[in-house]
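Okay, structure first, notes after.
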Amino acid sequence: MAEEQIPAAATEEQQAQFQLQKMYVKDVSFELPNAPQVFQEDGQVDIKMNLSQKVDTLADNVHEVVLTVTVTASLDDKTAYLAEVAQAGIFAINGLNDQAMHAALNTLCPHTLFPYARRLITDLVADGGFPPLVLQPLNFDQIYGQRLKEAQAQASAAEEMEVQGNA
């Protein structure tokens with residue numbers, strides 16, 4: 001009895017692959033619009049952080065992900081400083097369905113980029129003459145889940161308004 005040789009690739013499902021091909025700083029900005037007066041004022045600084053993300057497809061299964069972290073520090077009604085870092089990476093991701101790919105681009109990729117953006121923000125703030133700002137780690141899985149729930153709620157609300165409009 002002759003045995004058929006089946007290539008190993010045909011017998012195994014394609015495994016998911018996640019590879020960071022390149023990481024780089026796409027943009028950095030640090031502004032002190034009220035210097036030097038801001039250094040002479042006393043009071044509690046209010047710090048706000050905003051995140052945004054942009055994904056561009058470069059080739060099949062190759063994506064550029066840019067995570068932008070913006071930190072604004074205010075003292076009373078004046079801006080003490082504004083620090084913004086756009087940390088980017090090129091990721092090769094294979095073997096995922098569309099839903100899993102979307103999740104990977106919105107969780108794994110920013111999770112990989114955030115520590116580098118966080119370090120740059122800390123350095124910018126310290127180099128700008130302020131006490132170092134250490135941003136806490138973020139749970140991008142939780143952020144992604146929350147965004148999905150918000151999108152579903154908005155879609156349901158839009159559907160409901162459409163049904164009411166047709167009634």
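Simple scheme: letters A, B, ... for chains in structure tokens order, numbers from 1 for residues in each chain, numbers from 1 for ligands in the order shown.
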
**All residues 7 Å or closer to range 69-72 of chain A, only C-alpha atoms, same chain fewer than 2 positions away omitted, as JSON, numbers by chain** = {"A": [47, 48, 49, 50, 51, 52, 67, 74, 81, 82, 83, 84, 85, 86, 117]}

**Asked** Hey, what does DSSP flag as alpha helix (DSSP H) within range 102-155 of chain A? Can you give it to me as a VMD selection string?
**Response** chain A and resid 102 to 106 108 to 127 140 to 155

When you look at range 22-31 of chain A with a cut-off of 12 Å (counting only C-alpha atoms), what residues show up, excluding the ones that are within fewer than 6 positions of it in the same chain? I need them as a compact mmCIF listing (two decimals) with all heavy atoms, in the first residue's frame.
```
# COMPACT_ATOMS: atom_id res chain seq x y z
N LYS A 54 -4.72 55.80 13.47
CA LYS A 54 -4.98 55.76 12.03
C LYS A 54 -4.32 54.50 11.49
O LYS A 54 -3.18 54.18 11.83
CB LYS A 54 -4.39 57.00 11.37
CG LYS A 54 -4.63 57.08 9.89
CD LYS A 54 -4.01 58.34 9.31
CE LYS A 54 -4.16 58.31 7.80
NZ LYS A 54 -3.17 59.12 7.13
N VAL A 62 -0.26 43.94 5.23
CA VAL A 62 0.77 44.84 5.79
C VAL A 62 0.11 46.20 6.02
O VAL A 62 -0.46 46.78 5.12
CB VAL A 62 1.99 44.99 4.85
CG1 VAL A 62 3.01 45.95 5.45
CG2 VAL A 62 2.62 43.63 4.58
N HIS A 63 0.20 46.66 7.26
CA HIS A 63 -0.50 47.87 7.66
C HIS A 63 0.43 48.81 8.41
O HIS A 63 1.26 48.37 9.21
CB HIS A 63 -1.68 47.54 8.58
CG HIS A 63 -2.62 46.55 7.99
ND1 HIS A 63 -3.64 46.90 7.14
CD2 HIS A 63 -2.69 45.20 8.11
CE1 HIS A 63 -4.31 45.82 6.78
NE2 HIS A 63 -3.73 44.77 7.35
N GLU A 64 0.24 50.11 8.16
CA GLU A 64 0.89 51.13 8.98
C GLU A 64 -0.15 51.57 10.01
O GLU A 64 -1.26 51.94 9.65
CB GLU A 64 1.33 52.34 8.17
CG GLU A 64 1.95 53.42 9.06
CD GLU A 64 2.10 54.76 8.39
OE1 GLU A 64 1.11 55.25 7.79
OE2 GLU A 64 3.20 55.33 8.48
N VAL A 65 0.23 51.50 11.27
CA VAL A 65 -0.64 51.95 12.35
C VAL A 65 0.06 53.13 13.02
O VAL A 65 1.23 53.03 13.39
CB VAL A 65 -0.91 50.83 13.38
CG1 VAL A 65 -1.76 51.34 14.53
CG2 VAL A 65 -1.57 49.64 12.70
N VAL A 66 -0.65 54.25 13.14
CA VAL A 66 -0.11 55.44 13.78
C VAL A 66 -0.97 55.73 15.01
O VAL A 66 -2.16 56.00 14.90
CB VAL A 66 -0.12 56.66 12.84
CG1 VAL A 66 0.48 57.88 13.55
CG2 VAL A 66 0.66 56.36 11.57
N LEU A 67 -0.34 55.65 16.17
CA LEU A 67 -1.00 55.96 17.44
C LEU A 67 -0.55 57.36 17.85
O LEU A 67 0.65 57.59 18.03
CB LEU A 67 -0.61 54.96 18.52
CG LEU A 67 -1.17 55.23 19.92
CD1 LEU A 67 -2.69 55.07 19.94
CD2 LEU A 67 -0.51 54.30 20.93
N THR A 68 -1.50 58.28 17.97
CA THR A 68 -1.18 59.64 18.38
C THR A 68 -1.65 59.86 19.81
O THR A 68 -2.83 59.63 20.11
CB THR A 68 -1.84 60.67 17.43
OG1 THR A 68 -1.39 60.41 16.10
CG2 THR A 68 -1.47 62.09 17.82
N VAL A 69 -0.72 60.27 20.64
CA VAL A 69 -1.00 60.56 22.04
C VAL A 69 -0.80 62.06 22.23
O VAL A 69 0.28 62.58 21.98
CB VAL A 69 -0.07 59.77 22.99
CG1 VAL A 69 -0.38 60.09 24.45
CG2 VAL A 69 -0.15 58.28 22.72
N THR A 70 -1.86 62.74 22.69
CA THR A 70 -1.80 64.17 22.92
C THR A 70 -2.08 64.44 24.38
O THR A 70 -3.10 64.01 24.92
CB THR A 70 -2.85 64.91 22.06
OG1 THR A 70 -2.67 64.56 20.69
CG2 THR A 70 -2.73 66.42 22.21
N VAL A 71 -1.16 65.14 25.03
CA VAL A 71 -1.31 65.51 26.44
C VAL A 71 -1.34 67.02 26.53
O VAL A 71 -0.42 67.69 26.05
CB VAL A 71 -0.16 64.93 27.31
CG1 VAL A 71 -0.27 65.41 28.74
CG2 VAL A 71 -0.16 63.41 27.23
N THR A 72 -2.40 67.53 27.16
CA THR A 72 -2.53 68.96 27.36
C THR A 72 -2.58 69.21 28.87
O THR A 72 -3.41 68.63 29.57
CB THR A 72 -3.83 69.50 26.72
OG1 THR A 72 -3.84 69.12 25.35
CG2 THR A 72 -3.91 71.01 26.84
N ALA A 73 -1.68 70.08 29.33
CA ALA A 73 -1.65 70.46 30.75
C ALA A 73 -2.09 71.91 30.86
O ALA A 73 -1.55 72.78 30.17
CB ALA A 73 -0.25 70.28 31.32
N THR A 79 -2.92 77.25 28.99
CA THR A 79 -2.22 76.02 28.63
C THR A 79 -0.79 76.11 29.12
O THR A 79 -0.05 77.01 28.73
CB THR A 79 -2.25 75.79 27.11
OG1 THR A 79 -3.60 75.70 26.69
CG2 THR A 79 -1.51 74.52 26.73
N ALA A 80 -0.41 75.17 29.99
CA ALA A 80 0.97 75.12 30.47
C ALA A 80 1.85 74.49 29.39
O ALA A 80 2.90 75.02 29.06
CB ALA A 80 1.05 74.31 31.76
N TYR A 81 1.42 73.35 28.86
CA TYR A 81 2.14 72.73 27.76
C TYR A 81 1.22 71.81 26.99
O TYR A 81 0.17 71.38 27.47
CB TYR A 81 3.38 71.96 28.23
CG TYR A 81 3.12 70.78 29.14
CD1 TYR A 81 2.74 69.54 28.64
CD2 TYR A 81 3.29 70.90 30.51
CE1 TYR A 81 2.52 68.47 29.48
CE2 TYR A 81 3.07 69.84 31.36
CZ TYR A 81 2.69 68.62 30.84
OH TYR A 81 2.46 67.56 31.67
N LEU A 82 1.63 71.53 25.77
CA LEU A 82 0.95 70.59 24.90
C LEU A 82 2.02 69.68 24.31
O LEU A 82 2.96 70.17 23.66
CB LEU A 82 0.21 71.32 23.78
CG LEU A 82 -0.44 70.41 22.75
CD1 LEU A 82 -1.80 69.96 23.25
CD2 LEU A 82 -0.57 71.12 21.43
N ALA A 83 1.90 68.40 24.57
CA ALA A 83 2.86 67.42 24.05
C ALA A 83 2.09 66.43 23.18
O ALA A 83 1.06 65.90 23.60
CB ALA A 83 3.56 66.69 25.18
N GLU A 84 2.60 66.20 21.97
CA GLU A 84 1.93 65.26 21.08
C GLU A 84 2.97 64.40 20.38
O GLU A 84 3.97 64.90 19.86
CB GLU A 84 1.10 66.01 20.04
CG GLU A 84 0.30 65.09 19.15
CD GLU A 84 -0.67 65.86 18.28
OE1 GLU A 84 -0.22 66.40 17.25
OE2 GLU A 84 -1.85 65.92 18.64
N VAL A 85 2.72 63.10 20.39
CA VAL A 85 3.61 62.13 19.76
C VAL A 85 2.79 61.23 18.86
O VAL A 85 1.77 60.68 19.29
CB VAL A 85 4.35 61.27 20.82
CG1 VAL A 85 5.12 60.15 20.16
CG2 VAL A 85 5.27 62.14 21.66
N ALA A 86 3.21 61.10 17.62
CA ALA A 86 2.61 60.15 16.68
C ALA A 86 3.62 59.02 16.50
O ALA A 86 4.61 59.16 15.77
CB ALA A 86 2.28 60.81 15.35
N GLN A 87 3.39 57.93 17.21
CA GLN A 87 4.26 56.76 17.15
C GLN A 87 3.68 55.79 16.12
O GLN A 87 2.49 55.48 16.17
CB GLN A 87 4.32 56.08 18.52
CG GLN A 87 5.27 54.91 18.61
CD GLN A 87 6.72 55.34 18.56
OE1 GLN A 87 7.13 56.27 19.24
NE2 GLN A 87 7.51 54.66 17.77
N ALA A 88 4.50 55.36 15.18
CA ALA A 88 4.01 54.52 14.08
C ALA A 88 4.74 53.20 14.02
O ALA A 88 5.86 53.07 14.50
CB ALA A 88 4.16 55.27 12.76
N GLY A 89 4.07 52.26 13.40
CA GLY A 89 4.67 50.96 13.17
C GLY A 89 4.10 50.33 11.91
O GLY A 89 2.97 50.62 11.52
N ILE A 90 4.90 49.50 11.28
CA ILE A 90 4.45 48.73 10.13
C ILE A 90 4.33 47.29 10.62
O ILE A 90 5.30 46.71 11.12
CB ILE A 90 5.42 48.85 8.94
CG1 ILE A 90 5.48 50.31 8.49
CG2 ILE A 90 4.98 47.93 7.80
CD1 ILE A 90 6.51 50.57 7.41
N PHE A 91 3.12 46.76 10.48
CA PHE A 91 2.81 45.43 11.00
C PHE A 91 2.39 44.51 9.87
O PHE A 91 1.56 44.88 9.03
CB PHE A 91 1.66 45.51 12.00
CG PHE A 91 1.98 46.31 13.23
CD1 PHE A 91 1.76 47.68 13.26
CD2 PHE A 91 2.49 45.70 14.37
CE1 PHE A 91 2.05 48.43 14.39
CE2 PHE A 91 2.79 46.44 15.50
CZ PHE A 91 2.57 47.81 15.52
N ALA A 92 2.95 43.30 9.85
CA ALA A 92 2.52 42.25 8.93
C ALA A 92 1.66 41.30 9.76
O ALA A 92 2.12 40.73 10.75
CB ALA A 92 3.71 41.52 8.34
N CYS A 109 -1.71 46.26 18.01
CA CYS A 109 -0.82 47.27 17.43
C CYS A 109 -0.66 48.48 18.37
O CYS A 109 0.48 48.85 18.69
CB CYS A 109 -1.30 47.69 16.06
SG CYS A 109 -1.22 46.34 14.85
N PRO A 110 -1.75 49.11 18.85
CA PRO A 110 -1.53 50.24 19.76
C PRO A 110 -0.89 49.81 21.08
O PRO A 110 -0.12 50.57 21.66
CB PRO A 110 -2.93 50.82 19.98
CG PRO A 110 -3.88 49.80 19.51
CD PRO A 110 -3.16 48.95 18.50
N THR A 112 1.42 47.66 21.34
CA THR A 112 2.84 47.58 21.03
C THR A 112 3.46 48.97 20.95
O THR A 112 4.60 49.19 21.41
CB THR A 112 3.04 46.84 19.68
OG1 THR A 112 2.47 45.54 19.78
CG2 THR A 112 4.51 46.73 19.32
N LEU A 113 2.73 49.94 20.40
CA LEU A 113 3.27 51.29 20.17
C LEU A 113 3.24 52.18 21.41
O LEU A 113 4.09 53.05 21.56
CB LEU A 113 2.48 51.97 19.04
CG LEU A 113 2.54 51.31 17.67
CD1 LEU A 113 1.55 51.96 16.72
CD2 LEU A 113 3.94 51.33 17.12
N PHE A 114 2.25 52.00 22.28
CA PHE A 114 2.03 52.93 23.38
C PHE A 114 3.24 53.11 24.31
O PHE A 114 3.54 54.25 24.68
CB PHE A 114 0.79 52.54 24.19
CG PHE A 114 0.46 53.52 25.27
CD1 PHE A 114 -0.05 54.78 24.95
CD2 PHE A 114 0.67 53.23 26.61
CE1 PHE A 114 -0.35 55.71 25.94
CE2 PHE A 114 0.37 54.14 27.60
CZ PHE A 114 -0.14 55.39 27.26
N PRO A 115 3.94 52.07 24.71
CA PRO A 115 5.08 52.30 25.63
C PRO A 115 6.13 53.26 25.05
O PRO A 115 6.74 54.03 25.79
CB PRO A 115 5.68 50.90 25.83
CG PRO A 115 4.54 49.98 25.57
CD PRO A 115 3.71 50.64 24.50
N TYR A 116 6.33 53.23 23.74
CA TYR A 116 7.31 54.11 23.11
C TYR A 116 6.80 55.55 23.07
O TYR A 116 7.56 56.49 23.34
CB TYR A 116 7.64 53.60 21.70
CG TYR A 116 8.27 52.24 21.74
CD1 TYR A 116 7.49 51.09 21.65
CD2 TYR A 116 9.64 52.10 21.93
CE1 TYR A 116 8.07 49.83 21.72
CE2 TYR A 116 10.23 50.84 21.99
CZ TYR A 116 9.43 49.71 21.90
OH TYR A 116 10.01 48.47 21.98
N ALA A 117 5.53 55.72 22.77
CA ALA A 117 4.93 57.07 22.79
C ALA A 117 4.93 57.62 24.21
O ALA A 117 5.22 58.79 24.44
CB ALA A 117 3.50 57.02 22.24
N ARG A 118 4.63 56.76 25.17
CA ARG A 118 4.60 57.16 26.59
C ARG A 118 5.98 57.65 27.04
O ARG A 118 6.09 58.68 27.72
CB ARG A 118 4.15 55.95 27.41
CG ARG A 118 3.89 56.26 28.86
CD ARG A 118 3.31 55.05 29.53
NE ARG A 118 4.38 54.12 29.86
CZ ARG A 118 4.20 53.02 30.54
NH1 ARG A 118 3.02 52.65 30.94
NH2 ARG A 118 5.22 52.24 30.82
N ARG A 119 7.03 56.95 26.66
CA ARG A 119 8.40 57.35 27.03
C ARG A 119 8.75 58.70 26.42
O ARG A 119 9.34 59.56 27.06
CB ARG A 119 9.41 56.29 26.60
CG ARG A 119 10.85 56.64 26.97
CD ARG A 119 11.86 55.66 26.40
NE ARG A 119 11.72 55.42 24.98
CZ ARG A 119 12.19 56.24 24.02
NH1 ARG A 119 12.80 57.35 24.35
NH2 ARG A 119 12.04 55.93 22.75
N LEU A 120 8.37 58.90 25.15
CA LEU A 120 8.65 60.18 24.49
C LEU A 120 7.92 61.33 25.18
O LEU A 120 8.49 62.41 25.37
CB LEU A 120 8.24 60.13 23.03
CG LEU A 120 9.27 59.53 22.08
CD1 LEU A 120 8.67 59.33 20.69
CD2 LEU A 120 10.49 60.42 21.97
N ILE A 121 6.66 61.12 25.56
CA ILE A 121 5.89 62.15 26.27
C ILE A 121 6.59 62.50 27.58
O ILE A 121 6.77 63.67 27.91
CB ILE A 121 4.44 61.68 26.53
CG1 ILE A 121 3.67 61.54 25.23
CG2 ILE A 121 3.74 62.60 27.53
CD1 ILE A 121 3.18 62.81 24.60
N THR A 122 7.00 61.48 28.32
CA THR A 122 7.70 61.71 29.59
C THR A 122 8.95 62.55 29.38
O THR A 122 9.20 63.52 30.11
CB THR A 122 8.07 60.36 30.26
OG1 THR A 122 6.86 59.65 30.52
CG2 THR A 122 8.83 60.57 31.55
N ASP A 123 9.74 62.21 28.38
CA ASP A 123 10.97 62.95 28.09
C ASP A 123 10.68 64.39 27.64
O ASP A 123 11.37 65.33 28.07
CB ASP A 123 11.80 62.24 27.02
CG ASP A 123 12.40 60.93 27.51
OD1 ASP A 123 12.38 60.67 28.74
OD2 ASP A 123 12.86 60.14 26.66
N LEU A 124 9.68 64.57 26.79
CA LEU A 124 9.33 65.91 26.31
C LEU A 124 8.92 66.82 27.46
O LEU A 124 9.35 67.98 27.54
CB LEU A 124 8.19 65.84 25.29
CG LEU A 124 8.54 65.32 23.91
CD1 LEU A 124 7.27 65.07 23.10
CD2 LEU A 124 9.46 66.27 23.17
N VAL A 125 8.08 66.31 28.34
CA VAL A 125 7.59 67.11 29.47
C VAL A 125 8.75 67.48 30.39
O VAL A 125 8.88 68.63 30.82
CB VAL A 125 6.47 66.37 30.22
CG1 VAL A 125 6.11 67.06 31.53
CG2 VAL A 125 5.23 66.24 29.33
N ALA A 126 9.61 66.51 30.70
CA ALA A 126 10.76 66.79 31.57
C ALA A 126 11.73 67.77 30.91
O ALA A 126 12.20 68.71 31.57
CB ALA A 126 11.48 65.49 31.92
N ASP A 127 11.99 67.59 29.63
CA ASP A 127 12.89 68.49 28.91
C ASP A 127 12.28 69.89 28.77
O ASP A 127 13.01 70.87 28.59
CB ASP A 127 13.23 67.94 27.52
CG ASP A 127 14.13 66.71 27.59
OD1 ASP A 127 14.67 66.41 28.67
OD2 ASP A 127 14.27 66.03 26.55
N GLY A 128 10.96 69.97 28.86
CA GLY A 128 10.27 71.26 28.79
C GLY A 128 10.28 72.02 30.10
O GLY A 128 9.73 73.12 30.19
N GLY A 129 10.88 71.45 31.13
CA GLY A 129 11.01 72.15 32.41
C GLY A 129 9.96 71.79 33.44
O GLY A 129 9.88 72.44 34.49
```

**Item:** Residue contacts of range 100-102 of chain A (12 Å, only C-alpha atoms) excluding same-chain residues fewer than 2 positions away, as a ChimeraX atom specification
**Value:** /A:16-18,55,57,61-63,65,91-98,104-109,141,144-145,148

Write the residues you've just listed into a file as a compact mmCIF listing (two decimals), in the first residue's frame, and include N, CA, C and O atoms for each of them.
```txt
# COMPACT_ATOMS: atom_id res chain seq x y z
N ALA A 16 -2.08 32.16 12.70
CA ALA A 16 -2.01 33.61 12.71
C ALA A 16 -0.57 34.04 12.97
O ALA A 16 0.15 33.43 13.76
N GLN A 17 -0.17 35.08 12.25
CA GLN A 17 1.18 35.63 12.43
C GLN A 17 1.06 37.13 12.64
O GLN A 17 0.31 37.82 11.93
N PHE A 18 1.80 37.63 13.59
CA PHE A 18 1.82 39.05 13.92
C PHE A 18 3.28 39.45 14.00
O PHE A 18 4.02 38.96 14.84
N VAL A 55 -5.06 53.78 10.64
CA VAL A 55 -4.53 52.57 10.02
C VAL A 55 -4.58 52.73 8.51
O VAL A 55 -5.62 53.08 7.95
N THR A 57 -3.49 50.63 4.91
CA THR A 57 -3.04 49.36 4.32
C THR A 57 -1.96 49.67 3.30
O THR A 57 -2.17 50.43 2.37
N ASN A 61 -2.05 42.35 3.83
CA ASN A 61 -1.68 41.96 5.19
C ASN A 61 -0.55 42.78 5.79
O ASN A 61 0.08 42.34 6.75
N VAL A 62 -0.26 43.94 5.23
CA VAL A 62 0.77 44.84 5.79
C VAL A 62 0.11 46.20 6.02
O VAL A 62 -0.46 46.78 5.12
N HIS A 63 0.20 46.66 7.26
CA HIS A 63 -0.50 47.87 7.66
C HIS A 63 0.43 48.81 8.41
O HIS A 63 1.26 48.37 9.21
N VAL A 65 0.23 51.50 11.27
CA VAL A 65 -0.64 51.95 12.35
C VAL A 65 0.06 53.13 13.02
O VAL A 65 1.23 53.03 13.39
N PHE A 91 3.12 46.76 10.48
CA PHE A 91 2.81 45.43 11.00
C PHE A 91 2.39 44.51 9.87
O PHE A 91 1.56 44.88 9.03
N ALA A 92 2.95 43.30 9.85
CA ALA A 92 2.52 42.25 8.93
C ALA A 92 1.66 41.30 9.76
O ALA A 92 2.12 40.73 10.75
N ILE A 93 0.40 41.17 9.36
CA ILE A 93 -0.53 40.32 10.11
C ILE A 93 -1.19 39.38 9.11
O ILE A 93 -1.81 39.81 8.15
N ASN A 94 -1.04 38.08 9.33
CA ASN A 94 -1.57 37.05 8.43
C ASN A 94 -2.41 36.04 9.21
O ASN A 94 -2.22 35.87 10.41
N GLY A 95 -3.28 35.37 8.49
CA GLY A 95 -4.00 34.23 9.06
C GLY A 95 -5.18 34.61 9.94
O GLY A 95 -5.60 33.79 10.76
N LEU A 96 -5.72 35.81 9.80
CA LEU A 96 -6.86 36.23 10.61
C LEU A 96 -8.05 36.55 9.72
O LEU A 96 -7.88 37.07 8.62
N ASN A 97 -9.25 36.26 10.22
CA ASN A 97 -10.44 36.68 9.50
C ASN A 97 -10.60 38.19 9.69
O ASN A 97 -9.85 38.81 10.45
N ASP A 98 -11.56 38.79 9.00
CA ASP A 98 -11.72 40.26 9.04
C ASP A 98 -11.96 40.78 10.44
O ASP A 98 -11.39 41.81 10.83
N ALA A 104 -7.07 43.01 16.03
CA ALA A 104 -5.61 43.07 16.17
C ALA A 104 -5.09 44.47 15.88
O ALA A 104 -4.22 44.99 16.60
N LEU A 105 -5.62 45.09 14.82
CA LEU A 105 -5.18 46.44 14.46
C LEU A 105 -5.55 47.47 15.53
O LEU A 105 -4.88 48.49 15.66
N ASN A 106 -6.59 47.19 16.29
CA ASN A 106 -7.07 48.14 17.29
C ASN A 106 -6.69 47.79 18.72
O ASN A 106 -7.01 48.54 19.65
N THR A 107 -6.04 46.65 18.92
CA THR A 107 -5.62 46.27 20.28
C THR A 107 -4.13 45.95 20.33
O THR A 107 -3.38 46.61 21.03
N LEU A 108 -3.70 44.94 19.56
CA LEU A 108 -2.29 44.52 19.61
C LEU A 108 -1.34 45.61 19.11
O LEU A 108 -0.29 45.86 19.72
N CYS A 109 -1.71 46.26 18.01
CA CYS A 109 -0.82 47.27 17.43
C CYS A 109 -0.66 48.48 18.37
O CYS A 109 0.48 48.85 18.69
N ASP A 141 -7.62 46.45 24.92
CA ASP A 141 -8.73 45.52 24.74
C ASP A 141 -10.01 46.13 25.30
O ASP A 141 -11.07 46.07 24.67
N TYR A 144 -11.14 49.08 23.09
CA TYR A 144 -11.72 48.56 21.85
C TYR A 144 -13.14 48.04 22.11
O TYR A 144 -14.07 48.32 21.35
N GLY A 145 -13.31 47.29 23.19
CA GLY A 145 -14.62 46.77 23.54
C GLY A 145 -15.62 47.88 23.79
O GLY A 145 -16.78 47.81 23.36
N LEU A 148 -16.64 49.42 20.47
CA LEU A 148 -17.57 48.55 19.76
C LEU A 148 -18.98 48.69 20.33
O LEU A 148 -19.96 48.77 19.57
```

Give the strand (DSSP E or B) residues of range 22-83 of chain A, as assigned by DSSP on the backbone, as a compact mmCIF listing (two decimals) with C-alpha atoms, in the first residue's frame.
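Output contents, as saved in out_11.txt:
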```txt
# COMPACT_ATOMS: atom_id res chain seq x y z
CA LYS A 22 9.36 48.68 11.57
CA MET A 23 8.69 51.16 14.36
CA TYR A 24 9.31 54.89 14.06
CA VAL A 25 8.29 58.31 15.32
CA LYS A 26 6.16 59.94 12.64
CA ASP A 27 5.66 63.30 14.38
CA VAL A 28 6.56 65.01 17.66
CA SER A 29 5.38 68.34 18.98
CA PHE A 30 5.92 70.16 22.26
CA GLU A 31 4.54 73.62 22.86
CA VAL A 45 -2.07 71.45 36.83
CA ASP A 46 -5.00 69.74 35.07
CA ILE A 47 -3.76 67.08 32.64
CA LYS A 48 -5.86 65.65 29.82
CA MET A 49 -4.81 62.89 27.47
CA ASN A 50 -6.35 62.08 24.09
CA LEU A 51 -5.63 59.07 21.90
CA SER A 52 -6.25 58.64 18.23
CA GLN A 53 -5.27 55.97 15.79
CA LYS A 54 -4.98 55.76 12.03
CA VAL A 55 -4.53 52.57 10.02
CA ASP A 56 -3.37 52.51 6.40
CA THR A 57 -3.04 49.36 4.32
CA LEU A 58 0.35 49.30 2.59
CA ALA A 59 0.05 45.88 0.92
CA VAL A 62 0.77 44.84 5.79
CA HIS A 63 -0.50 47.87 7.66
CA GLU A 64 0.89 51.13 8.98
CA VAL A 65 -0.64 51.95 12.35
CA VAL A 66 -0.11 55.44 13.78
CA LEU A 67 -1.00 55.96 17.44
CA THR A 68 -1.18 59.64 18.38
CA VAL A 69 -1.00 60.56 22.04
CA THR A 70 -1.80 64.17 22.92
CA VAL A 71 -1.31 65.51 26.44
CA THR A 72 -2.53 68.96 27.36
CA ALA A 73 -1.65 70.46 30.75
CA SER A 74 -3.60 73.50 31.91
CA LEU A 75 -3.05 75.81 34.85
CA LYS A 78 -3.98 78.81 30.48
CA THR A 79 -2.22 76.02 28.63
CA ALA A 80 0.97 75.12 30.47
CA TYR A 81 2.14 72.73 27.76
CA LEU A 82 0.95 70.59 24.90
CA ALA A 83 2.86 67.42 24.05
```

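Counting from CA of Leu133 in chain A, the distance to CA of Leu20 in chain A is 27.3 Å.
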